[in-house]
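Here's the structure we're looking at; comments come further down.
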Amino acid sequence: MENQVKRIGVLTSGGDAPGMNAAVRAVVRTAAHRGIGTVGIRRGWSGLINSDFVQMNTSSVSHIINKGGTILYTARSQEFMDEAGRAKALGTCRLLGLDGIVAIGGDGTFRGALALSRQAAEAGMNLRVVGIPATIDNDIGCSHYTIGFDTACNTCIECIDKLRDTMQSHERCSVVEVMGRHAGYLALYVGIAVGATAVLIPERPVDFEKDVIENIRKARLAGTTHYMIVVAEGAGKAFYIGQQIQDAIGIEPRVTVLGHIQRGGSPSARDRETASRMGYAAVQSLLQDKGNRIISLLDGQIRDLDMEEALTMTKTFQMDRYDILESLTNSPSIAF
């Protein structure tokens, strides 16, 4: 059967994540291998509205697999949330002759893709959309892993290890705020990896006396004179946590908010490899005439799921990791 997909668009939307470029590269090169043309849509969904695009080929994605950020840029578009804005975007799709769009981003990106596909169907257009999960928060319900998480974890670990050196030298307490407005995956993963004294996450109610103050006391009784508290931004502001510690036990903590440094940097091997597999799978899904799909990593396997069903899925937080953290933190002879 003749391939009905002649040209596709690829875009990155929402917060940037290391590995997005690797995913773009995989989409473009897989498409080229199958004789499909690719158009890069710049600045997310707003690029479709404003006809901000560039034709892409294998050469245009050379030497980007190691680069952080996204060569297509990213943005959030308020206009795209309205039907009139999506109508403009569909006009660009008609102009470019797009048969499908691969959207790389998070939950908001996928909901935008689904809304665009539905509106296209109402207008008599057969526009297939496929989503690739890329967010450092690892909070997409339908996928066990999202592009960018591993690199962000490694960045946080490197920063905290350096902070630990100076905290140990001055015998101080450090409170470090990492990203995670609604999800504590990053904070907990990093907290275990750096041997944190305490980790605060939005998925678990905070008992400040038990979870923070008592852990610091136990560490001090075990001979430790420096302490590391990791806070997900959704569990409380680091400066407020630091003030609470000072009020409770008289220690003046040093507060560090890692901020957007967590989003940058060359992607790790895991993020490059996962992004490459997902980009390849996205094009394969379009070739199989599958519309409205999300590429997911489930139990180590790449799968494509129905987008509507995938957006209703929730991820069960692995609270056993918090149990591991508490066991390692509360050992009587622990040295942090």
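Ligands are numbered from 1 in the order shown, chains are lettered A, B, ... in the order of the structure tokens, and residues start at 1 in each chain.
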Next on the checklist: as a list in words, please: every residue in stretch 66-109 of chain A that a backbone DSSP assignment puts in alpha helix (DSSP H).
Outcome noted: Glu83, Ala84, Gly85, Arg86, Ala87, Lys88, Ala89, Leu90, Gly91, Thr92, Cys93, Arg94, Leu95, Leu96, Asp107, Gly108 and Thr109 of chain A
Item to check | Shell of 12 Å around A:Ser62, only C-alpha atoms, local chain residues under 4 positions omitted, as a list in words | outcome: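 My list of contacting residues is Asn21, Ala22, Val24, Arg25, Ala26, Val28, Arg29, Met56, Asn57, Thr58, Asn66, Lys67 and Ile71 of chain A.
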Please write the residues from the selection above to a file, keeping N, CA and C atoms, as a PDB file, in the first residue's frame.
```
ATOM      1  N   ASN A  21      16.098  17.855  21.582  1.00  0.00           N
ATOM      2  CA  ASN A  21      16.789  17.888  20.286  1.00  0.00           C
ATOM      3  C   ASN A  21      17.021  16.484  19.737  1.00  0.00           C
ATOM      4  N   ALA A  22      17.323  15.554  20.626  1.00  0.00           N
ATOM      5  CA  ALA A  22      17.512  14.170  20.191  1.00  0.00           C
ATOM      6  C   ALA A  22      16.222  13.603  19.623  1.00  0.00           C
ATOM      7  N   VAL A  24      13.758  15.445  18.207  1.00  0.00           N
ATOM      8  CA  VAL A  24      13.564  16.112  16.916  1.00  0.00           C
ATOM      9  C   VAL A  24      14.413  15.437  15.841  1.00  0.00           C
ATOM     10  N   ARG A  25      15.658  15.181  16.175  1.00  0.00           N
ATOM     11  CA  ARG A  25      16.575  14.514  15.233  1.00  0.00           C
ATOM     12  C   ARG A  25      16.029  13.163  14.796  1.00  0.00           C
ATOM     13  N   ALA A  26      15.523  12.383  15.758  1.00  0.00           N
ATOM     14  CA  ALA A  26      15.004  11.052  15.443  1.00  0.00           C
ATOM     15  C   ALA A  26      13.784  11.141  14.526  1.00  0.00           C
ATOM     16  N   VAL A  28      13.016  13.602  12.380  1.00  0.00           N
ATOM     17  CA  VAL A  28      13.418  14.068  11.048  1.00  0.00           C
ATOM     18  C   VAL A  28      14.130  12.967  10.265  1.00  0.00           C
ATOM     19  N   ARG A  29      15.042  12.272  10.903  1.00  0.00           N
ATOM     20  CA  ARG A  29      15.827  11.263  10.193  1.00  0.00           C
ATOM     21  C   ARG A  29      15.015  10.006   9.884  1.00  0.00           C
ATOM     22  N   MET A  56      13.102  20.975   7.178  1.00  0.00           N
ATOM     23  CA  MET A  56      14.182  20.246   7.823  1.00  0.00           C
ATOM     24  C   MET A  56      14.569  19.023   7.003  1.00  0.00           C
ATOM     25  N   ASN A  57      15.844  18.652   7.133  1.00  0.00           N
ATOM     26  CA  ASN A  57      16.350  17.440   6.491  1.00  0.00           C
ATOM     27  C   ASN A  57      17.421  16.835   7.388  1.00  0.00           C
ATOM     28  N   THR A  58      18.046  15.776   6.940  1.00  0.00           N
ATOM     29  CA  THR A  58      19.026  15.092   7.791  1.00  0.00           C
ATOM     30  C   THR A  58      20.178  16.012   8.185  1.00  0.00           C
ATOM     31  N   ASN A  66      23.574  16.036  21.138  1.00  0.00           N
ATOM     32  CA  ASN A  66      24.257  16.328  22.397  1.00  0.00           C
ATOM     33  C   ASN A  66      23.891  17.678  22.988  1.00  0.00           C
ATOM     34  N   LYS A  67      23.039  18.424  22.327  1.00  0.00           N
ATOM     35  CA  LYS A  67      22.738  19.787  22.760  1.00  0.00           C
ATOM     36  C   LYS A  67      21.486  19.823  23.641  1.00  0.00           C
ATOM     37  N   ILE A  71      16.339  23.311  19.440  1.00  0.00           N
ATOM     38  CA  ILE A  71      16.673  24.175  18.298  1.00  0.00           C
ATOM     39  C   ILE A  71      15.420  24.768  17.668  1.00  0.00           C
TER      40      ILE A  71
END
```
Please return, as an mmCIF file with all heavy atoms, in the first residue's frame, all residues of stretch 53-296 of chain A that DSSP assigns to strand (DSSP E) on the basis of the backbone.
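Dumped everything to selection_35.cif:
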```
data_model
loop_
_atom_site.group_PDB
_atom_site.id
_atom_site.type_symbol
_atom_site.label_atom_id
_atom_site.label_comp_id
_atom_site.auth_asym_id
_atom_site.auth_seq_id
_atom_site.Cartn_x
_atom_site.Cartn_y
_atom_site.Cartn_z
ATOM 1 N N PHE A 53 8.031 28.606 10.660
ATOM 2 C CA PHE A 53 8.476 27.241 10.382
ATOM 3 C C PHE A 53 9.752 27.235 9.557
ATOM 4 O O PHE A 53 10.168 28.256 9.000
ATOM 5 C CB PHE A 53 7.375 26.460 9.641
ATOM 6 C CG PHE A 53 6.961 27.070 8.328
ATOM 7 C CD1 PHE A 53 7.662 26.796 7.160
ATOM 8 C CD2 PHE A 53 5.863 27.929 8.250
ATOM 9 C CE1 PHE A 53 7.289 27.351 5.948
ATOM 10 C CE2 PHE A 53 5.487 28.499 7.041
ATOM 11 C CZ PHE A 53 6.198 28.209 5.890
ATOM 12 N N VAL A 54 10.373 26.056 9.480
ATOM 13 C CA VAL A 54 11.578 25.873 8.681
ATOM 14 C C VAL A 54 11.570 24.452 8.128
ATOM 15 O O VAL A 54 11.193 23.505 8.830
ATOM 16 C CB VAL A 54 12.850 26.108 9.531
ATOM 17 C CG1 VAL A 54 12.892 25.188 10.746
ATOM 18 C CG2 VAL A 54 14.111 25.956 8.692
ATOM 19 N N GLN A 55 11.932 24.294 6.873
ATOM 20 C CA GLN A 55 12.018 22.955 6.291
ATOM 21 C C GLN A 55 13.243 22.247 6.845
ATOM 22 O O GLN A 55 14.319 22.850 6.992
ATOM 23 C CB GLN A 55 12.104 23.036 4.771
ATOM 24 C CG GLN A 55 11.966 21.683 4.090
ATOM 25 C CD GLN A 55 11.741 21.809 2.589
ATOM 26 O OE1 GLN A 55 11.560 22.898 2.071
ATOM 27 N NE2 GLN A 55 11.743 20.679 1.893
ATOM 28 N N MET A 56 13.102 20.975 7.178
ATOM 29 C CA MET A 56 14.182 20.246 7.823
ATOM 30 C C MET A 56 14.569 19.023 7.003
ATOM 31 O O MET A 56 13.745 18.451 6.282
ATOM 32 C CB MET A 56 13.782 19.821 9.240
ATOM 33 C CG MET A 56 13.314 20.968 10.122
ATOM 34 S SD MET A 56 13.087 20.506 11.862
ATOM 35 C CE MET A 56 14.787 20.500 12.425
ATOM 36 N N GLY A 100 0.504 15.101 9.338
ATOM 37 C CA GLY A 100 0.607 14.757 10.748
ATOM 38 C C GLY A 100 1.527 15.709 11.470
ATOM 39 O O GLY A 100 2.314 16.442 10.843
ATOM 40 N N ILE A 101 1.429 15.704 12.786
ATOM 41 C CA ILE A 101 2.280 16.548 13.633
ATOM 42 C C ILE A 101 2.789 15.704 14.793
ATOM 43 O O ILE A 101 2.019 14.986 15.448
ATOM 44 C CB ILE A 101 1.516 17.760 14.188
ATOM 45 C CG1 ILE A 101 1.131 18.714 13.058
ATOM 46 C CG2 ILE A 101 2.356 18.502 15.232
ATOM 47 C CD1 ILE A 101 0.280 19.892 13.522
ATOM 48 N N VAL A 102 4.090 15.787 15.049
ATOM 49 C CA VAL A 102 4.690 15.184 16.234
ATOM 50 C C VAL A 102 4.958 16.309 17.223
ATOM 51 O O VAL A 102 5.734 17.230 16.930
ATOM 52 C CB VAL A 102 5.990 14.434 15.899
ATOM 53 C CG1 VAL A 102 6.618 13.879 17.174
ATOM 54 C CG2 VAL A 102 5.732 13.318 14.893
ATOM 55 N N ALA A 103 4.294 16.257 18.376
ATOM 56 C CA ALA A 103 4.408 17.307 19.387
ATOM 57 C C ALA A 103 5.187 16.765 20.585
ATOM 58 O O ALA A 103 4.778 15.785 21.208
ATOM 59 C CB ALA A 103 3.022 17.768 19.823
ATOM 60 N N ILE A 104 6.296 17.416 20.896
ATOM 61 C CA ILE A 104 7.176 16.977 21.967
ATOM 62 C C ILE A 104 7.000 17.919 23.160
ATOM 63 O O ILE A 104 7.248 19.120 23.044
ATOM 64 C CB ILE A 104 8.648 16.983 21.501
ATOM 65 C CG1 ILE A 104 8.807 16.145 20.232
ATOM 66 C CG2 ILE A 104 9.577 16.491 22.596
ATOM 67 C CD1 ILE A 104 10.129 16.355 19.521
ATOM 68 N N GLY A 105 6.550 17.384 24.281
ATOM 69 C CA GLY A 105 6.305 18.237 25.444
ATOM 70 C C GLY A 105 5.608 17.477 26.548
ATOM 71 O O GLY A 105 5.783 16.269 26.694
ATOM 72 N N ARG A 128 -3.251 13.786 11.632
ATOM 73 C CA ARG A 128 -2.854 12.872 12.696
ATOM 74 C C ARG A 128 -1.893 13.594 13.644
ATOM 75 O O ARG A 128 -1.018 14.328 13.195
ATOM 76 C CB ARG A 128 -2.160 11.642 12.113
ATOM 77 C CG ARG A 128 -2.937 10.942 11.002
ATOM 78 C CD ARG A 128 -2.035 9.984 10.261
ATOM 79 N NE ARG A 128 -2.659 9.324 9.133
ATOM 80 C CZ ARG A 128 -2.738 9.821 7.899
ATOM 81 N NH1 ARG A 128 -2.233 11.018 7.645
ATOM 82 N NH2 ARG A 128 -3.318 9.139 6.936
ATOM 83 N N VAL A 129 -2.025 13.377 14.935
ATOM 84 C CA VAL A 129 -1.105 13.973 15.910
ATOM 85 C C VAL A 129 -0.527 12.868 16.792
ATOM 86 O O VAL A 129 -1.219 11.923 17.162
ATOM 87 C CB VAL A 129 -1.785 15.058 16.776
ATOM 88 C CG1 VAL A 129 -2.203 16.239 15.933
ATOM 89 C CG2 VAL A 129 -2.986 14.486 17.523
ATOM 90 N N VAL A 130 0.746 13.001 17.118
ATOM 91 C CA VAL A 130 1.428 12.054 18.000
ATOM 92 C C VAL A 130 2.233 12.851 19.015
ATOM 93 O O VAL A 130 2.938 13.802 18.651
ATOM 94 C CB VAL A 130 2.361 11.113 17.216
ATOM 95 C CG1 VAL A 130 3.070 10.154 18.167
ATOM 96 C CG2 VAL A 130 1.581 10.325 16.168
ATOM 97 N N GLY A 131 2.130 12.486 20.286
ATOM 98 C CA GLY A 131 2.860 13.184 21.335
ATOM 99 C C GLY A 131 4.036 12.380 21.853
ATOM 100 O O GLY A 131 3.975 11.145 21.933
ATOM 101 N N ILE A 132 5.115 13.074 22.180
ATOM 102 C CA ILE A 132 6.291 12.465 22.808
ATOM 103 C C ILE A 132 6.498 13.161 24.153
ATOM 104 O O ILE A 132 6.665 14.380 24.210
ATOM 105 C CB ILE A 132 7.550 12.629 21.931
ATOM 106 C CG1 ILE A 132 7.398 11.852 20.620
ATOM 107 C CG2 ILE A 132 8.800 12.169 22.690
ATOM 108 C CD1 ILE A 132 8.592 12.011 19.678
ATOM 109 N N PRO A 133 6.481 12.414 25.271
ATOM 110 C CA PRO A 133 6.587 13.036 26.600
ATOM 111 C C PRO A 133 8.003 13.519 26.914
ATOM 112 O O PRO A 133 8.943 12.735 26.957
ATOM 113 C CB PRO A 133 6.158 11.916 27.546
ATOM 114 C CG PRO A 133 6.458 10.646 26.810
ATOM 115 C CD PRO A 133 6.280 10.956 25.353
ATOM 116 N N CYS A 173 23.689 23.771 57.728
ATOM 117 C CA CYS A 173 22.532 23.110 57.131
ATOM 118 C C CYS A 173 22.227 23.782 55.795
ATOM 119 O O CYS A 173 22.283 25.014 55.683
ATOM 120 C CB CYS A 173 21.321 23.234 58.064
ATOM 121 S SG CYS A 173 19.785 22.578 57.397
ATOM 122 N N SER A 174 21.939 22.995 54.781
ATOM 123 C CA SER A 174 21.597 23.527 53.465
ATOM 124 C C SER A 174 20.177 23.098 53.105
ATOM 125 O O SER A 174 19.810 21.937 53.273
ATOM 126 C CB SER A 174 22.577 23.018 52.409
ATOM 127 O OG SER A 174 22.273 23.560 51.139
ATOM 128 N N VAL A 175 19.386 24.042 52.632
ATOM 129 C CA VAL A 175 18.043 23.751 52.120
ATOM 130 C C VAL A 175 18.063 24.033 50.623
ATOM 131 O O VAL A 175 18.337 25.162 50.199
ATOM 132 C CB VAL A 175 16.962 24.608 52.813
ATOM 133 C CG1 VAL A 175 15.583 24.279 52.244
ATOM 134 C CG2 VAL A 175 16.983 24.395 54.314
ATOM 135 N N VAL A 176 17.791 23.003 49.834
ATOM 136 C CA VAL A 176 17.855 23.125 48.376
ATOM 137 C C VAL A 176 16.481 22.890 47.777
ATOM 138 O O VAL A 176 15.856 21.856 48.013
ATOM 139 C CB VAL A 176 18.858 22.115 47.771
ATOM 140 C CG1 VAL A 176 18.930 22.269 46.262
ATOM 141 C CG2 VAL A 176 20.236 22.301 48.392
ATOM 142 N N GLU A 177 16.019 23.858 47.009
ATOM 143 C CA GLU A 177 14.724 23.736 46.334
ATOM 144 C C GLU A 177 14.946 23.302 44.894
ATOM 145 O O GLU A 177 15.700 23.925 44.153
ATOM 146 C CB GLU A 177 13.979 25.067 46.368
ATOM 147 C CG GLU A 177 12.600 25.021 45.717
ATOM 148 C CD GLU A 177 11.899 26.368 45.781
ATOM 149 O OE1 GLU A 177 11.805 26.936 46.893
ATOM 150 O OE2 GLU A 177 11.458 26.852 44.718
ATOM 151 N N VAL A 178 14.271 22.217 44.503
ATOM 152 C CA VAL A 178 14.331 21.721 43.132
ATOM 153 C C VAL A 178 12.950 21.855 42.503
ATOM 154 O O VAL A 178 11.956 22.086 43.189
ATOM 155 C CB VAL A 178 14.822 20.256 43.064
ATOM 156 C CG1 VAL A 178 16.198 20.128 43.704
ATOM 157 C CG2 VAL A 178 13.831 19.311 43.730
ATOM 158 N N ALA A 198 16.558 15.086 54.803
ATOM 159 C CA ALA A 198 15.099 15.065 54.677
ATOM 160 C C ALA A 198 14.728 15.504 53.272
ATOM 161 O O ALA A 198 15.448 16.287 52.635
ATOM 162 C CB ALA A 198 14.449 15.978 55.707
ATOM 163 N N VAL A 199 13.600 14.994 52.780
ATOM 164 C CA VAL A 199 13.069 15.380 51.473
ATOM 165 C C VAL A 199 11.587 15.693 51.642
ATOM 166 O O VAL A 199 10.834 14.901 52.222
ATOM 167 C CB VAL A 199 13.229 14.253 50.422
ATOM 168 C CG1 VAL A 199 12.591 14.659 49.104
ATOM 169 C CG2 VAL A 199 14.704 13.911 50.232
ATOM 170 N N LEU A 200 11.168 16.847 51.139
ATOM 171 C CA LEU A 200 9.765 17.249 51.212
ATOM 172 C C LEU A 200 9.175 17.236 49.808
ATOM 173 O O LEU A 200 9.717 17.857 48.890
ATOM 174 C CB LEU A 200 9.648 18.646 51.823
ATOM 175 C CG LEU A 200 10.351 18.851 53.180
ATOM 176 C CD1 LEU A 200 10.079 20.248 53.711
ATOM 177 C CD2 LEU A 200 9.905 17.798 54.183
ATOM 178 N N TYR A 227 23.859 19.220 57.307
ATOM 179 C CA TYR A 227 22.580 18.589 56.990
ATOM 180 C C TYR A 227 22.088 19.104 55.638
ATOM 181 O O TYR A 227 22.249 20.288 55.314
ATOM 182 C CB TYR A 227 21.540 18.897 58.084
ATOM 183 C CG TYR A 227 22.144 18.878 59.474
ATOM 184 C CD1 TYR A 227 22.542 20.061 60.100
ATOM 185 C CD2 TYR A 227 22.375 17.678 60.141
ATOM 186 C CE1 TYR A 227 23.121 20.061 61.347
ATOM 187 C CE2 TYR A 227 22.963 17.652 61.399
ATOM 188 C CZ TYR A 227 23.341 18.849 61.993
ATOM 189 O OH TYR A 227 23.946 18.845 63.228
ATOM 190 N N MET A 228 21.455 18.211 54.875
ATOM 191 C CA MET A 228 20.966 18.564 53.551
ATOM 192 C C MET A 228 19.469 18.296 53.468
ATOM 193 O O MET A 228 19.021 17.153 53.609
ATOM 194 C CB MET A 228 21.699 17.736 52.477
ATOM 195 C CG MET A 228 21.311 18.082 51.054
ATOM 196 S SD MET A 228 21.784 19.769 50.575
ATOM 197 C CE MET A 228 23.580 19.649 50.670
ATOM 198 N N ILE A 229 18.697 19.352 53.259
ATOM 199 C CA ILE A 229 17.247 19.240 53.124
ATOM 200 C C ILE A 229 16.888 19.545 51.665
ATOM 201 O O ILE A 229 17.216 20.613 51.156
ATOM 202 C CB ILE A 229 16.498 20.232 54.048
ATOM 203 C CG1 ILE A 229 17.102 20.220 55.462
ATOM 204 C CG2 ILE A 229 15.006 19.931 54.051
ATOM 205 C CD1 ILE A 229 17.017 18.899 56.171
ATOM 206 N N VAL A 230 16.216 18.610 50.997
ATOM 207 C CA VAL A 230 15.803 18.798 49.602
ATOM 208 C C VAL A 230 14.293 19.016 49.578
ATOM 209 O O VAL A 230 13.528 18.229 50.140
ATOM 210 C CB VAL A 230 16.177 17.579 48.736
ATOM 211 C CG1 VAL A 230 15.675 17.762 47.303
ATOM 212 C CG2 VAL A 230 17.689 17.371 48.739
ATOM 213 N N VAL A 231 13.866 20.095 48.915
ATOM 214 C CA VAL A 231 12.455 20.474 48.893
ATOM 215 C C VAL A 231 11.968 20.599 47.451
ATOM 216 O O VAL A 231 12.558 21.346 46.656
ATOM 217 C CB VAL A 231 12.233 21.832 49.605
ATOM 218 C CG1 VAL A 231 10.750 22.178 49.657
ATOM 219 C CG2 VAL A 231 12.837 21.815 50.990
ATOM 220 N N ALA A 232 10.912 19.877 47.096
ATOM 221 C CA ALA A 232 10.241 20.114 45.812
ATOM 222 C C ALA A 232 9.467 21.412 45.925
ATOM 223 O O ALA A 232 8.840 21.684 46.961
ATOM 224 C CB ALA A 232 9.298 18.961 45.487
ATOM 225 N N ARG A 254 21.579 27.687 54.980
ATOM 226 C CA ARG A 254 21.868 28.363 53.721
ATOM 227 C C ARG A 254 20.898 27.817 52.687
ATOM 228 O O ARG A 254 20.790 26.605 52.494
ATOM 229 C CB ARG A 254 23.311 28.117 53.289
ATOM 230 C CG ARG A 254 24.341 28.756 54.219
ATOM 231 C CD ARG A 254 24.221 30.285 54.169
ATOM 232 N NE ARG A 254 25.225 30.940 55.000
ATOM 233 C CZ ARG A 254 25.022 31.369 56.237
ATOM 234 N NH1 ARG A 254 23.840 31.173 56.804
ATOM 235 N NH2 ARG A 254 25.974 31.972 56.911
ATOM 236 N N VAL A 255 20.159 28.701 52.038
ATOM 237 C CA VAL A 255 19.101 28.309 51.107
ATOM 238 C C VAL A 255 19.576 28.482 49.671
ATOM 239 O O VAL A 255 20.143 29.519 49.311
ATOM 240 C CB VAL A 255 17.822 29.137 51.345
ATOM 241 C CG1 VAL A 255 16.761 28.815 50.297
ATOM 242 C CG2 VAL A 255 17.285 28.880 52.753
ATOM 243 N N THR A 256 19.336 27.463 48.851
ATOM 244 C CA THR A 256 19.686 27.514 47.434
ATOM 245 C C THR A 256 18.490 27.063 46.605
ATOM 246 O O THR A 256 17.937 25.985 46.840
ATOM 247 C CB THR A 256 20.876 26.588 47.103
ATOM 248 O OG1 THR A 256 21.987 26.940 47.925
ATOM 249 C CG2 THR A 256 21.264 26.693 45.641
ATOM 250 N N VAL A 257 18.083 27.903 45.671
ATOM 251 C CA VAL A 257 17.027 27.544 44.721
ATOM 252 C C VAL A 257 17.705 27.276 43.374
ATOM 253 O O VAL A 257 18.235 28.186 42.750
ATOM 254 C CB VAL A 257 15.975 28.666 44.594
ATOM 255 C CG1 VAL A 257 14.896 28.272 43.577
ATOM 256 C CG2 VAL A 257 15.341 28.964 45.953
ATOM 257 N N ARG A 293 -2.121 9.689 19.162
ATOM 258 C CA ARG A 293 -1.369 8.724 19.968
ATOM 259 C C ARG A 293 -0.358 9.453 20.841
ATOM 260 O O ARG A 293 0.090 10.564 20.530
ATOM 261 C CB ARG A 293 -0.617 7.721 19.080
ATOM 262 C CG ARG A 293 -1.414 7.120 17.965
ATOM 263 C CD ARG A 293 -2.572 6.278 18.446
ATOM 264 N NE ARG A 293 -2.163 5.020 19.072
ATOM 265 C CZ ARG A 293 -3.026 4.104 19.491
ATOM 266 N NH1 ARG A 293 -4.329 4.291 19.367
ATOM 267 N NH2 ARG A 293 -2.589 2.976 20.054
ATOM 268 N N ILE A 294 0.005 8.821 21.950
ATOM 269 C CA ILE A 294 1.120 9.292 22.775
ATOM 270 C C ILE A 294 2.115 8.147 22.885
ATOM 271 O O ILE A 294 1.750 7.009 23.205
ATOM 272 C CB ILE A 294 0.662 9.723 24.179
ATOM 273 C CG1 ILE A 294 -0.224 10.970 24.104
ATOM 274 C CG2 ILE A 294 1.864 10.014 25.079
ATOM 275 C CD1 ILE A 294 -0.728 11.464 25.452
ATOM 276 N N ILE A 295 3.365 8.448 22.587
ATOM 277 C CA ILE A 295 4.427 7.455 22.712
ATOM 278 C C ILE A 295 4.825 7.377 24.183
ATOM 279 O O ILE A 295 5.118 8.390 24.811
ATOM 280 C CB ILE A 295 5.644 7.832 21.850
ATOM 281 C CG1 ILE A 295 5.214 8.059 20.396
ATOM 282 C CG2 ILE A 295 6.712 6.749 21.945
ATOM 283 C CD1 ILE A 295 4.533 6.869 19.740
ATOM 284 N N SER A 296 4.819 6.178 24.743
ATOM 285 C CA SER A 296 5.080 6.010 26.168
ATOM 286 C C SER A 296 6.145 4.951 26.413
ATOM 287 O O SER A 296 6.355 4.073 25.576
ATOM 288 C CB SER A 296 3.792 5.604 26.899
ATOM 289 O OG SER A 296 2.784 6.579 26.730
#
```
Next on the checklist: I'd like the neighbourhood of stretch 298-313 of chain A as a list in words, where a residue qualifies if any of its atoms comes within 7 Å (using only C-alpha atoms), though same-chain residues fewer than 6 positions away should be ignored.
Outcome noted: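 Final neighbour list, sorted by chain and number: Gly141, Cys142, Ser143, His144, Met278 and Asn292 of chain A.
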